[in-house]
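Engineer: My structure is in data-v8.cif, and what it holds is mmCIF, C-alpha atoms:
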```cif
data_run
loop_
_atom_site.label_atom_id
_atom_site.label_comp_id
_atom_site.auth_asym_id
_atom_site.auth_seq_id
_atom_site.Cartn_x
_atom_site.Cartn_y
_atom_site.Cartn_z
CA MET A 1 112.54 86.07 140.01
CA VAL A 2 115.48 87.98 138.66
CA ILE A 3 114.93 90.88 136.37
CA ASP A 4 117.97 91.90 134.38
CA PHE A 5 118.03 95.64 133.81
CA GLY A 6 121.27 95.48 131.83
CA SER A 7 121.70 97.42 128.63
CA PHE A 8 120.69 94.42 126.55
CA TYR A 9 117.48 94.10 128.43
CA ASP A 10 115.07 96.19 126.49
CA PHE A 11 111.95 95.58 128.52
CA PRO A 12 110.58 99.14 128.76
CA ARG A 13 110.89 99.70 125.03
CA LEU A 14 109.36 96.33 124.21
CA LEU A 15 106.51 96.96 126.59
CA ASN A 16 106.00 100.36 125.04
CA THR A 17 105.92 98.87 121.53
CA LEU A 18 103.44 96.26 122.67
CA LEU A 19 101.20 98.86 124.27
CA THR A 20 101.30 101.13 121.23
CA GLU A 21 100.42 98.23 118.99
CA ILE A 22 97.46 97.33 121.17
CA ASP A 23 96.41 100.94 121.46
CA ALA A 24 96.97 102.09 117.89
CA PRO A 25 93.90 102.31 115.72
CA SER A 26 94.49 99.42 113.40
CA SER A 27 92.09 100.73 110.77
CA ALA A 28 95.00 101.67 108.54
CA LEU A 29 96.38 98.16 108.84
CA ARG A 30 92.99 96.59 108.38
CA ALA A 31 92.34 98.63 105.28
CA LYS A 32 95.39 97.09 103.68
CA ASN A 33 94.29 93.56 104.36
CA HIS A 34 90.68 93.96 103.46
CA PHE A 35 89.43 93.83 99.95
CA PRO A 36 87.63 95.79 98.66
CA PRO A 37 88.54 99.08 100.37
CA LEU A 38 85.47 101.04 101.49
CA ASN A 39 84.64 104.67 102.04
CA ILE A 40 81.58 105.35 104.14
CA SER A 41 80.05 108.81 104.21
CA GLU A 42 76.79 110.39 105.16
CA THR A 43 74.72 113.36 104.10
CA GLU A 44 71.59 114.62 105.81
CA ASP A 45 69.35 112.03 104.17
CA THR A 46 71.58 109.32 102.70
CA ILE A 47 74.42 107.04 103.70
CA TYR A 48 76.90 106.31 100.92
CA VAL A 49 79.15 103.25 100.83
CA LYS A 50 81.77 103.27 98.10
CA ALA A 51 84.01 100.34 97.24
CA LEU A 52 86.91 99.94 94.83
CA ILE A 53 86.31 96.64 93.04
CA PRO A 54 88.30 96.70 89.79
CA GLY A 55 87.57 93.76 87.52
CA ALA A 56 84.10 92.99 88.85
CA ALA A 57 80.96 93.72 86.87
CA ILE A 58 77.81 94.69 88.75
CA GLU A 59 76.36 91.20 88.15
CA ASP A 60 79.38 89.61 89.90
CA ILE A 61 78.52 91.45 93.11
CA GLU A 62 75.87 90.39 95.58
CA LEU A 63 74.51 92.93 98.02
CA THR A 64 72.32 92.05 100.96
CA LEU A 65 70.90 94.30 103.62
CA SER A 66 69.34 92.70 106.66
CA ASP A 67 69.08 93.67 110.30
CA SER A 68 71.04 96.84 109.67
CA ILE A 69 73.95 94.85 108.26
CA LEU A 70 75.06 95.50 104.71
CA ALA A 71 76.95 92.58 103.21
CA LEU A 72 78.91 92.86 99.99
CA LYS A 73 80.06 89.64 98.36
CA GLY A 74 81.51 88.67 95.05
CA GLU A 75 84.23 86.95 93.18
CA ILE A 76 86.87 88.08 90.72
CA GLN A 77 87.72 85.41 88.20
CA PRO A 78 91.37 84.91 87.25
CA LYS A 79 92.28 85.47 83.60
CA GLN A 80 93.18 82.64 81.25
CA GLY A 81 96.72 82.24 80.01
CA ARG A 82 100.25 81.85 81.28
CA TYR A 83 100.89 84.24 84.13
CA HIS A 84 104.26 85.99 84.17
CA ARG A 85 103.22 88.31 86.97
CA GLN A 86 100.14 88.29 89.17
CA GLU A 87 99.46 91.14 91.54
CA ARG A 88 95.75 91.77 91.02
CA PRO A 89 93.56 90.14 93.62
CA THR A 90 91.37 87.28 92.44
CA GLY A 91 88.92 84.97 94.13
CA PRO A 92 85.99 85.55 96.45
CA PHE A 93 85.75 88.66 98.59
CA SER A 94 83.32 89.99 101.16
CA ARG A 95 82.90 92.97 103.43
CA VAL A 96 80.29 93.62 106.07
CA VAL A 97 79.20 97.06 107.22
CA SER A 98 76.85 97.62 110.12
CA ILE A 99 74.41 100.45 109.56
CA ASN A 100 72.80 101.52 112.78
CA ILE A 101 70.20 103.82 111.26
CA PRO A 102 66.88 102.62 109.80
CA ILE A 103 67.09 102.53 106.00
CA GLU A 104 64.36 102.78 103.38
CA LEU A 105 64.93 99.34 101.89
CA ASP A 106 62.91 100.00 98.73
CA LYS A 107 65.00 102.99 97.76
CA VAL A 108 68.48 101.49 98.17
CA GLY A 109 70.47 101.98 95.00
CA ALA A 110 73.79 100.73 93.70
CA THR A 111 75.77 101.91 90.71
CA MET A 112 79.07 100.79 89.27
CA LYS A 113 81.37 103.06 87.31
CA ASN A 114 85.00 102.45 86.36
CA GLY A 115 85.38 99.79 89.03
CA VAL A 116 83.90 101.96 91.79
CA LEU A 117 80.72 100.66 93.40
CA THR A 118 78.53 103.29 95.03
CA ILE A 119 75.69 102.15 97.27
CA SER A 120 73.22 104.76 98.44
CA LEU A 121 71.15 103.98 101.50
CA PRO A 122 68.41 106.55 102.06
CA LYS A 123 67.54 107.08 105.71
CA ILE A 124 63.97 106.75 106.91
CA GLN A 125 62.54 110.22 107.41
CA ALA A 126 61.70 109.61 111.06
CA SER A 127 65.31 108.85 111.90
CA LYS A 128 66.46 112.26 110.72
CA PRO A 129 67.04 114.69 113.55
CA ARG A 130 64.26 117.24 113.67
CA THR A 131 64.47 120.64 115.22
CA ILE A 132 61.83 121.27 117.84
CA HIS A 133 60.76 124.81 118.30
CA ILE A 134 60.13 125.75 121.84
CA GLN A 135 57.33 128.22 122.31
CA PRO A 136 57.90 130.81 124.99
CA LYS A 137 54.93 131.33 127.26
CA MET B 1 104.45 111.31 81.94
CA ASN B 2 104.70 114.95 82.93
CA ASP B 3 101.44 115.00 84.86
CA PHE B 4 102.58 111.85 86.61
CA CYS B 5 105.57 113.69 88.02
CA GLN B 6 103.93 117.02 88.77
CA SER B 7 100.69 115.98 90.41
CA GLY B 8 100.45 116.46 94.16
CA LEU B 9 98.44 113.28 94.69
CA PRO B 10 100.04 110.17 96.18
CA LYS B 11 101.68 108.14 93.46
CA VAL B 12 100.61 104.54 93.20
CA ARG B 13 101.84 101.78 90.94
CA PRO B 14 98.70 99.89 89.95
CA ALA B 15 98.50 96.16 90.66
CA SER B 16 99.36 94.46 87.40
CA ASP B 17 99.04 91.05 85.78
CA ILE B 18 101.14 90.02 82.81
CA ILE B 19 99.69 87.07 80.94
CA GLU B 20 101.07 85.37 77.87
CA ARG B 21 98.69 83.89 75.34
CA GLU B 22 99.38 82.39 71.95
CA GLN B 23 99.01 85.59 69.93
CA ALA B 24 99.94 88.28 72.40
CA PHE B 25 100.97 89.40 75.87
CA HIS B 26 98.11 90.86 77.89
CA ILE B 27 98.74 93.36 80.65
CA TYR B 28 95.95 94.04 83.14
CA LEU B 29 96.16 97.06 85.42
CA ASP B 30 93.78 97.72 88.30
CA MET B 31 92.96 101.41 88.03
CA PRO B 32 89.55 101.93 89.64
CA GLY B 33 88.13 105.42 89.45
CA VAL B 34 89.94 106.27 86.23
CA SER B 35 87.83 107.24 83.23
CA ARG B 36 88.82 106.67 79.64
CA GLU B 37 89.57 110.38 79.16
CA GLN B 38 91.96 110.49 82.11
CA LEU B 39 93.96 107.50 80.93
CA ASN B 40 97.25 108.16 79.21
CA ILE B 41 99.20 105.37 77.49
CA GLU B 42 102.44 106.10 75.69
CA VAL B 43 105.29 104.17 74.15
CA GLU B 44 108.66 105.83 74.49
CA GLY B 45 111.46 103.86 72.90
CA ASN B 46 111.02 100.39 74.33
CA GLU B 47 109.09 101.56 77.38
CA LEU B 48 105.36 101.52 77.84
CA ILE B 49 104.15 104.23 80.19
CA VAL B 50 100.66 104.28 81.64
CA SER B 51 99.47 107.11 83.85
CA ALA B 52 96.17 108.48 85.09
CA GLY B 53 94.70 110.36 88.00
CA THR B 54 91.49 109.52 89.81
CA THR B 55 88.66 111.81 90.82
CA HIS B 56 86.62 110.02 93.44
CA GLY B 57 85.36 113.42 94.53
CA VAL B 58 84.86 113.18 98.25
CA GLY B 59 82.06 115.67 98.62
CA SER B 60 82.44 118.47 101.12
CA LYS B 61 78.78 118.11 102.10
CA GLU B 62 79.30 114.52 103.15
CA ARG B 63 80.35 113.53 106.63
CA LEU B 64 83.02 110.85 106.43
CA HIS B 65 82.83 107.79 108.66
CA SER B 66 85.48 105.58 107.17
CA LEU B 67 88.10 106.36 104.57
CA GLU B 68 90.08 103.49 103.12
CA PHE B 69 90.86 104.95 99.72
CA GLY B 70 91.34 108.38 98.24
CA ASP B 71 92.44 110.06 95.07
CA VAL B 72 95.75 108.85 93.69
CA GLN B 73 97.92 109.30 90.65
CA TYR B 74 98.54 105.94 89.01
CA GLY B 75 101.73 105.40 87.08
CA ILE B 76 103.58 102.38 85.78
CA MET B 77 106.45 101.87 83.37
CA LEU B 78 106.98 98.55 81.62
CA ALA B 79 109.86 97.52 79.39
CA LEU B 80 108.83 96.03 76.06
CA SER B 81 110.73 93.06 74.75
CA GLU B 82 111.76 92.60 71.13
CA GLN B 83 109.01 90.01 70.78
CA VAL B 84 106.37 92.75 70.92
CA ALA B 85 105.08 94.54 67.84
CA ALA B 86 105.11 98.04 69.32
CA ASP B 87 103.07 99.54 66.48
CA LYS B 88 100.16 97.15 67.02
CA ILE B 89 99.55 97.74 70.72
CA GLU B 90 95.89 98.00 71.69
CA ALA B 91 94.20 98.99 74.94
CA HIS B 92 90.75 98.49 76.41
CA MET B 93 89.16 99.55 79.62
CA GLU B 94 86.42 97.77 81.53
CA ASN B 95 85.25 97.97 85.13
CA GLY B 96 88.28 99.92 86.24
CA VAL B 97 90.76 97.49 84.68
CA VAL B 98 92.98 98.56 81.81
CA GLU B 99 93.87 95.77 79.39
CA ILE B 100 96.82 96.36 77.11
CA ILE B 101 97.36 93.86 74.32
CA LEU B 102 100.90 93.54 73.04
CA PRO B 103 100.84 91.37 69.91
CA LYS B 104 103.83 89.11 69.40
CA GLN B 105 105.94 89.45 66.32
CA ALA B 106 108.26 86.95 64.71
CA LYS B 107 111.46 86.74 66.67
CA LYS B 108 114.34 88.51 65.04
CA PRO B 109 117.12 86.01 64.39
CA THR B 110 119.57 86.46 67.18
CA GLY B 111 123.15 86.54 66.08
CA ARG B 112 124.48 83.29 67.38
CA ILE B 113 128.22 83.00 67.56
CA LYS B 114 129.89 79.68 67.61
CA ILE B 115 133.01 79.67 69.66
CA ASN B 116 135.50 76.96 69.07
CA VAL B 117 137.31 75.67 72.04
CA GLU B 118 140.86 74.94 71.28
#
```
Could you render the structure as structure tokens?

Structural biologist:
Amino acid sequence: MVIDFGSFYDFPRLLNTLLTEIDAPSSALRAKNHFPPLNISETEDTIYVKALIPGAAIEDIELTLSDSILALKGEIQPKQGRYHRQERPTGPFSRVVSINIPIELDKVGATMKNGVLTISLPKIQASKPRTIHIQPK
Amino acid sequence: MNDFCQSGLPKVRPASDIIEREQAFHIYLDMPGVSREQLNIEVEGNELIVSAGTTHGVGSKERLHSLEFGDVQYGIMLALSEQVAADKIEAHMENGVVEIILPKQAKKPTGRIKINVE
């Protein structure tokens, strides 16, 4: 095997690019390709999942929570008429979020305001970290 | 337009659809997180300017696990054609989508010049 280390042979740089691409957290890239974009946050007793879904009414969105997996599905219908420009996403969409904390299923709530869907998932009391006081003897 | 230029938030041109129907042109702009009060629509000359900021309000008490969107300043400028009746423009907002209706008006007769070829 002959390896050409001439100036046109850019192996180290190419290898480096490849390794950075493998290594780099692709979440930023993924966020671009995935619709709708999600923000996931947590307070002491609730997990919040927020999604930007402009053009969808709450009845167009289907939410299911099973086996600690939250699935968000829906469809945005295209508008009628002659399109001169189309940039807004249309068609079916879905996102799946795994929630690895037990959730109080009866108290899960979802609200929609100005195209922002907010899902609140209250944690089961037992799963909250509790401080244990140690008694000195 | 001034707040569009001065705001420190990232500036984003909203995804837009332009649809022609019999009576009017309809422009749809995806602006999730914008309330009616924050929305600003102006016509300057033959330009339609739409701008608004969002307030998603990422709470300081919350611990963030994944962040795929944040507050932005939306802004878009669209040129109006002569076919549009600028004084009859209407706008609606529903589910984070702004709909702007630009009614058509009778085409002004364009000055057609006949050139004779000698």

Engineer: Taking all atoms listed in the file into account, which residues of chain A are within 8 Å of chain B, as a count of residues only?

Structural biologist: 29

Engineer: Step by step, work through what the PyMOL selection byres ((chain B and resi 78-87) around 10) selects in the shown file, and finish by giving those residues as a ChimeraX atom specification.

Structural biologist: /B:24-25,27,43-50,76-77,88-90,101-108

Engineer: Residues picked by the PyMOL selection byres ((chain B and resi 53) around 12) here, as number ranges by chain?

Structural biologist: B: 1, 3-14, 31-40, 50-52, 54-57, 70-75

Engineer: Based on the selection just made, write C-alpha atoms of those residues as a PDB file, in the frame of the given file.

Structural biologist:
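To be explicit, this is the file written out as out-v7.pdb:
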```
ATOM      1  CA  MET B   1     104.450 111.310  81.940  1.00  0.00           C
ATOM      2  CA  ASP B   3     101.440 115.000  84.860  1.00  0.00           C
ATOM      3  CA  PHE B   4     102.580 111.850  86.610  1.00  0.00           C
ATOM      4  CA  CYS B   5     105.570 113.690  88.020  1.00  0.00           C
ATOM      5  CA  GLN B   6     103.930 117.020  88.770  1.00  0.00           C
ATOM      6  CA  SER B   7     100.690 115.980  90.410  1.00  0.00           C
ATOM      7  CA  GLY B   8     100.450 116.460  94.160  1.00  0.00           C
ATOM      8  CA  LEU B   9      98.440 113.280  94.690  1.00  0.00           C
ATOM      9  CA  PRO B  10     100.040 110.170  96.180  1.00  0.00           C
ATOM     10  CA  LYS B  11     101.680 108.140  93.460  1.00  0.00           C
ATOM     11  CA  VAL B  12     100.610 104.540  93.200  1.00  0.00           C
ATOM     12  CA  ARG B  13     101.840 101.780  90.940  1.00  0.00           C
ATOM     13  CA  PRO B  14      98.700  99.890  89.950  1.00  0.00           C
ATOM     14  CA  MET B  31      92.960 101.410  88.030  1.00  0.00           C
ATOM     15  CA  PRO B  32      89.550 101.930  89.640  1.00  0.00           C
ATOM     16  CA  GLY B  33      88.130 105.420  89.450  1.00  0.00           C
ATOM     17  CA  VAL B  34      89.940 106.270  86.230  1.00  0.00           C
ATOM     18  CA  SER B  35      87.830 107.240  83.230  1.00  0.00           C
ATOM     19  CA  ARG B  36      88.820 106.670  79.640  1.00  0.00           C
ATOM     20  CA  GLU B  37      89.570 110.380  79.160  1.00  0.00           C
ATOM     21  CA  GLN B  38      91.960 110.490  82.110  1.00  0.00           C
ATOM     22  CA  LEU B  39      93.960 107.500  80.930  1.00  0.00           C
ATOM     23  CA  ASN B  40      97.250 108.160  79.210  1.00  0.00           C
ATOM     24  CA  VAL B  50     100.660 104.280  81.640  1.00  0.00           C
ATOM     25  CA  SER B  51      99.470 107.110  83.850  1.00  0.00           C
ATOM     26  CA  ALA B  52      96.170 108.480  85.090  1.00  0.00           C
ATOM     27  CA  THR B  54      91.490 109.520  89.810  1.00  0.00           C
ATOM     28  CA  THR B  55      88.660 111.810  90.820  1.00  0.00           C
ATOM     29  CA  HIS B  56      86.620 110.020  93.440  1.00  0.00           C
ATOM     30  CA  GLY B  57      85.360 113.420  94.530  1.00  0.00           C
ATOM     31  CA  GLY B  70      91.340 108.380  98.240  1.00  0.00           C
ATOM     32  CA  ASP B  71      92.440 110.060  95.070  1.00  0.00           C
ATOM     33  CA  VAL B  72      95.750 108.850  93.690  1.00  0.00           C
ATOM     34  CA  GLN B  73      97.920 109.300  90.650  1.00  0.00           C
ATOM     35  CA  TYR B  74      98.540 105.940  89.010  1.00  0.00           C
ATOM     36  CA  GLY B  75     101.730 105.400  87.080  1.00  0.00           C
TER      37      GLY B  75
END
```

Engineer: Exactly which residues make up the result of the PyMOL selection byres ((chain A and resi 100) around 10) on this file, given as a list in words?

Structural biologist: Asp67, Ser68, Ile69, Val97, Ser98, Ile99, Ile101, Pro102 and Ile103 of chain A

Engineer: What would the file look like if the residues just selected were written as a CSV table (one decimal), in the coordinates of the input with C-alpha atoms?

Structural biologist:
```csv
chain,number,residue,atom,x,y,z
A,67,ASP,CA,69.1,93.7,110.3
A,68,SER,CA,71.0,96.8,109.7
A,69,ILE,CA,74.0,94.8,108.3
A,97,VAL,CA,79.2,97.1,107.2
A,98,SER,CA,76.8,97.6,110.1
A,99,ILE,CA,74.4,100.4,109.6
A,101,ILE,CA,70.2,103.8,111.3
A,102,PRO,CA,66.9,102.6,109.8
A,103,ILE,CA,67.1,102.5,106.0
```

Engineer: Which distance in Å separates atom CA of A:Phe93 and atom CA of A:His34, to one decimal?

Structural biologist: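 Between atom CA of A:Phe93 and atom CA of A:His34 the gap is 8.7 Å.
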
Engineer: Please indicate the distance in Å from atom CA of A:Leu65 to atom CA of A:Leu121, rounded to one decimal place.

Structural biologist: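 One can read the atom CA of A:Leu65 to atom CA of A:Leu121 distance as 9.9 Å.
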
Engineer: Separation of atom CA of A:Val96 and atom CA of A:Ala126, in Å?

Structural biologist: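 Computing the Euclidean distance for atom CA of A:Val96 and atom CA of A:Ala126 yields 25.0 Å.
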
Engineer: May I have the residues at most 9 Å from (73.6, 107.9, 98.2) in the file's coordinates, counting all atoms listed in the file, as a list of chain:residue names?

Structural biologist: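 I get A:Ser41, A:Glu42, A:Thr43, A:Asp45, A:Thr46, A:Ile47, A:Tyr48, A:Val49, A:Val108, A:Gly109, A:Ala110, A:Thr118, A:Ile119, A:Ser120, A:Leu121, A:Pro122 for the residues within 9 Å of that point.
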
Engineer: Find the residue from A:Gly91, A:Thr131, A:Glu59, A:Ser66 that sits nearest to A:Pro78; use all atoms listed in the file when measuring.

Structural biologist: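 Among the listed residues, A:Gly91 lies closest to A:Pro78.
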
Engineer: Axis-aligned box over every listed atom of stretch 92-104 of chain A, padded by 5 Å per side: centre and edges in Å to one decimal, as AutoDock Vina command-line options?

Structural biologist:
```
--center_x 75.2 --center_y 94.7 --center_z 104.6 --size_x 31.6 --size_y 28.3 --size_z 26.3
```

Engineer: Go ahead and find all residues with at least one atom no further than 8 Å from (78.0, 92.7, 96.9) in the file's coordinates, using only C-alpha atoms; report them as number ranges by chain.

Structural biologist: A: 60-64, 71-74, 94

Engineer: From the list A:Gln135, A:Leu19, A:Phe35, A:Lys107, which residue is nearest A:Arg95 when using only C-alpha atoms?

Structural biologist: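 The shortest atom-to-atom distance to A:Arg95 comes from A:Phe35.
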